[in-house]
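First up is the structure itself, then whatever we jot down about it.
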Amino acid sequence: MKKTFCTAIVLAAGSGKRMGTKIAKQYLEIDGKPLLYYTLLAFERSPQIDKIILTVGSEEQISYCQETILRPYGFQKVASVITGGKERYDSVWRGLQAVRNDLPKEAAEGIVFIHDGARPMVSEDILERCFQDAQKYHACVAAVPVKDTIKIADENGFAETTPRRDRVWQVQTPQTFSFGLIYDAYARLAEQKDALAEKGIQITDDAMVVETFTDHPVKLTEGSYRNLKVTTPEDLPLAEKYLHS
Ligand SMILES: Nc1ccn([C@@H]2O[C@H](COP(=O)(O)OP(=O)(O)OP(=O)(O)O)[C@@H](O)[C@H]2O)c(=O)n1
Ligand SMILES: C[C@](O)(CO)[C@H](O)COP(=O)(O)O
């Protein structure tokens with residue numbers, strides 16, 4: 001049976017403000033290699049992934065990635081390196097358009113994995129589970145049950161509500177979709193993002209775009225507590241520990 005074409009959009013166009021380092025966090029090194037190397041390696045090695053679209057922060061970063069990561073380490077699946085946008089969702093939208101414009105038509109008939117470049121610990125097991133669930137449900141996100149009690153705050157910083165902990169999940173990436181579903185949802189976001197911003201609606205993940213513009217349910221797929229997003233300084237030694245274990 002013909003394999004479903006799978007594309008990964010790896011997001012690395014952020015500036016890493018919360019990390020507080022001079023260079024963007026995705027280029028911080030572990031064992032002499034940038035974090036982004038490890039993220040790309042997971043998708044390069046995955047038998048599910050056919051092509052990768054990489055979004056970076058600038059034209060200079062395109063050259064930097066090609067010369068210091070893609071060429072030296074022989075990444076074959078990276079089909080395009082493009083510049084992202086101001087917000088994460090802008091970068092995703094540019095990546096989705098690249099899938100449609102730069103890749104064979106099978107890509108737009110297949111599945112797309114949208115993944116944070118700052119999550120270098122993504123495993124083949126997670127990719128496989130996301131592939132299976134995306135084939136079955138057409139929309140899924142890697143996620144783990146929260147361990148702490150979560151509270152929703154009011155505007156004054158007081159606890160307002162406490163959701164049932166057994167119904168609260170901490171969402172990760174990849175966020176994986178049938179390409180047409182996520183492309184059409186993002187096309188509507190592109191038209192309405194200013195109106196949403198005026199209403200104070202923050203689009204912080206891709207599932208939200210599907211939830212906002214479609215009635216399609218999004219499956220929560222088992223991720224891993226090791227699949228952390230390197231965001232603040234204390235995350236780096238943890239990522240290093242996980243990479244070595
Ligand atoms: N305009 C943006 C913003 C973020 N990202 C990417 O999306 C992922 C998750 O975003 P986040 O962890 O917030 O990264 P930054 O935006 O770089 O971090 P910060 O918010 O601390 O600046 C990262 O791999 C980041 O590079 C992106 O491609 N384009
Ligand atoms: C998409 C995400 O990784 C899911 O947890 C998260 O929302 C990204 O947020 P960020 O502020 O762009 O890192």
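Ligands are numbered from 1 in the order shown, residues from 1 within each chain, and chains are lettered A, B, ... in the order they appear in the structure tokens.
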
Return as number ranges by chain the full set of residues in segment 10-237 of chain A whose backbone-based DSSP assignment is helix (DSSP H, G or I). A: 17-19, 25-27, 35-45, 59-70, 88-102, 105-108, 124-137, 165-167, 179-198, 206-213, 235-237

List all protein, DNA and RNA residues that have any atom at most 6 Å from ligand 1, counting only C-alpha atoms and all ligand atoms, and write the list as a list in words.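 Within the 6 Å cut-off, the matching residues are Leu11, Ala12, Ala13, Gly14, Ser15, Gly16, Lys17, Arg18, Met19, Thr55, Gly84, Gly85, Lys86, Glu87, Arg88, Ser91, Asp116, Gly117, Ala118 and Thr231 of chain A.
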
Neighbourhood of ligand 2 at 6 Å, counting only C-alpha atoms and all ligand atoms, reported as a list of chain:residue names: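 Taking only C-alpha atoms and all ligand atoms into account, the residues around ligand 2 at most 6 Å away are A:Arg88, A:Val171, A:Gln172, A:Thr173, A:Thr204, A:Asp205.
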
Generate a file of the selected residues that holds C-alpha atoms, formatted as a PDB file, in the first residue's frame.
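Final file, again.pdb:
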```
ATOM      1  CA  ARG A  88       5.249  31.278  15.980  1.00  0.00           C
ATOM      2  CA  VAL A 171       0.676  19.982  25.424  1.00  0.00           C
ATOM      3  CA  GLN A 172       3.912  19.496  23.490  1.00  0.00           C
ATOM      4  CA  THR A 173       4.863  19.112  19.841  1.00  0.00           C
ATOM      5  CA  THR A 204      -0.031  29.599  21.215  1.00  0.00           C
ATOM      6  CA  ASP A 205      -0.265  26.276  19.435  1.00  0.00           C
TER       7      ASP A 205
END
```

Using only C-alpha atoms, find each residue of segment 79-178 of chain A with at least one atom at most 10 Å away from an atom of segment 233-241 of chain A; report its shortest atom-to-atom pair and that distance in Å (one decimal), sort the rows by chain and rising residue number, and return the result as a Markdown table.
```
| residue | atom | partner | partner_atom | distance |
| --- | --- | --- | --- | --- |
| A:Arg119 | CA | A:Ala239 | CA | 8.8 |
| A:Pro120 | CA | A:Ala239 | CA | 7.7 |
| A:Met121 | CA | A:Ala239 | CA | 7.2 |
```

Could you save the residues just selected, with N, CA, C and O atoms, as an mmCIF file, in the first residue's frame?
```cif
data_model
loop_
_atom_site.group_PDB
_atom_site.id
_atom_site.type_symbol
_atom_site.label_atom_id
_atom_site.label_comp_id
_atom_site.auth_asym_id
_atom_site.auth_seq_id
_atom_site.Cartn_x
_atom_site.Cartn_y
_atom_site.Cartn_z
ATOM 1 N N ARG A 119 12.615 21.610 20.933
ATOM 2 C CA ARG A 119 12.301 20.327 21.602
ATOM 3 C C ARG A 119 13.190 19.239 20.989
ATOM 4 O O ARG A 119 12.755 18.460 20.134
ATOM 5 N N PRO A 120 14.462 19.174 21.428
ATOM 6 C CA PRO A 120 15.412 18.228 20.809
ATOM 7 C C PRO A 120 15.246 16.780 21.260
ATOM 8 O O PRO A 120 15.854 15.890 20.676
ATOM 9 N N MET A 121 14.392 16.543 22.263
ATOM 10 C CA MET A 121 14.297 15.197 22.821
ATOM 11 C C MET A 121 13.181 14.368 22.202
ATOM 12 O O MET A 121 12.843 13.309 22.711
#
```

Write down as a PyMOL selection string the residues of segment 4-117 of chain A whose backbone DSSP state falls under strand (DSSP E or B). chain A and resi 6-12+29-30+33-34+51-56+78-83+111-116

Between A:Asn156, A:Ser63, A:Thr149, A:Thr176, which is the closest to Thr7 of chain A once you count only C-alpha atoms? A:Thr176

Hey, what's within 12 Å of Asp148 of chain A if we count only C-alpha atoms and toss same-chain stuff fewer than 6 positions away? As a list of chain:residue names, please?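 Skipping anything fewer than 6 positions along the chain leaves A:Thr162, A:Pro163, A:Arg164, A:Arg165, A:Asp166, A:Val168, A:Trp169, A:Gln170.
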
Measuring between only C-alpha atoms, which one of A:Ile203, A:Met208, A:Gln61, A:Arg100 shows the shortest distance to Ile23 of chain A?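 Closest residue, counting only C-alpha atoms: A:Gln61.
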
Leaving out Tyr137 of chain A and any residue of its chain fewer than 3 positions from it, which residues lie within 12 Å of it when counting only C-alpha atoms, given as a list in words? Ile111, Arg129, Cys130, Phe131, Gln132, Asp133, Ala134, Cys140, Val141, Thr176, Phe177, Ser178, Leu181, His216, Pro217, Val218, Lys219, Leu220 and Thr221 of chain A

Min atom-atom distance to Lys3 of chain A from the set A:Gly200, A:Gly110, A:Pro34, A:Gly57, counting only C-alpha atoms, belongs to A:Gly110

At a cut-off of 10 Å, can you tabulate as CSV every residue of segment 71-147 of chain A near segment 184-190 of chain A together with its closest atom pair and the distance in Å to one decimal, using only C-alpha atoms and ordering rows by chain then number?
```
residue,atom,partner,partner_atom,distance
A:Tyr89,CA,A:Tyr186,CA,8.3
A:Asp90,CA,A:Ala190,CA,8.1
A:Val92,CA,A:Tyr186,CA,8.5
A:Trp93,CA,A:Tyr186,CA,6.3
A:Arg94,CA,A:Tyr186,CA,9.9
A:Leu96,CA,A:Tyr186,CA,8.5
A:Gln97,CA,A:Ala187,CA,9.6
```

Limited to N, CA, C and O atoms, could you put the picked residues into a file as a PDB file, in the first residue's frame?
```
ATOM      1  N   TYR A  89       2.986  31.412  15.037  1.00  0.00           N
ATOM      2  CA  TYR A  89       1.983  31.000  14.039  1.00  0.00           C
ATOM      3  C   TYR A  89       2.296  31.567  12.641  1.00  0.00           C
ATOM      4  O   TYR A  89       1.946  30.981  11.619  1.00  0.00           O
ATOM      5  N   ASP A  90       3.001  32.718  12.601  1.00  0.00           N
ATOM      6  CA  ASP A  90       3.429  33.247  11.291  1.00  0.00           C
ATOM      7  C   ASP A  90       4.435  32.297  10.651  1.00  0.00           C
ATOM      8  O   ASP A  90       4.409  32.046   9.440  1.00  0.00           O
ATOM      9  N   VAL A  92       4.703  29.114  11.223  1.00  0.00           N
ATOM     10  CA  VAL A  92       4.010  27.884  10.804  1.00  0.00           C
ATOM     11  C   VAL A  92       3.319  28.113   9.462  1.00  0.00           C
ATOM     12  O   VAL A  92       3.412  27.288   8.538  1.00  0.00           O
ATOM     13  N   TRP A  93       2.667  29.252   9.320  1.00  0.00           N
ATOM     14  CA  TRP A  93       1.933  29.530   8.080  1.00  0.00           C
ATOM     15  C   TRP A  93       2.895  29.555   6.890  1.00  0.00           C
ATOM     16  O   TRP A  93       2.627  28.998   5.828  1.00  0.00           O
ATOM     17  N   ARG A  94       4.072  30.181   7.110  1.00  0.00           N
ATOM     18  CA  ARG A  94       5.067  30.189   6.029  1.00  0.00           C
ATOM     19  C   ARG A  94       5.531  28.765   5.718  1.00  0.00           C
ATOM     20  O   ARG A  94       5.738  28.403   4.565  1.00  0.00           O
ATOM     21  N   LEU A  96       3.768  26.005   6.084  1.00  0.00           N
ATOM     22  CA  LEU A  96       2.679  25.297   5.385  1.00  0.00           C
ATOM     23  C   LEU A  96       2.638  25.699   3.907  1.00  0.00           C
ATOM     24  O   LEU A  96       2.423  24.861   3.021  1.00  0.00           O
ATOM     25  N   GLN A  97       2.866  26.975   3.639  1.00  0.00           N
ATOM     26  CA  GLN A  97       2.878  27.412   2.237  1.00  0.00           C
ATOM     27  C   GLN A  97       4.060  26.813   1.492  1.00  0.00           C
ATOM     28  O   GLN A  97       3.974  26.472   0.317  1.00  0.00           O
TER      29      GLN A  97
END
```

Report the distance between atom CA of Gln175 of chain A and atom CA of Asp125 of chain A in Å, rounded to one decimal place.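 Pair atom CA of Gln175 of chain A / atom CA of Asp125 of chain A returns 14.4 Å.
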
Could you tell me which of A:Gln48, A:Thr68, A:Ser123, A:Ser224 comes closest to Lys33 of chain A if we count only C-alpha atoms?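 Going through A:Gln48, A:Thr68, A:Ser123, A:Ser224 one by one, the smallest distance to Lys33 of chain A is for A:Thr68.
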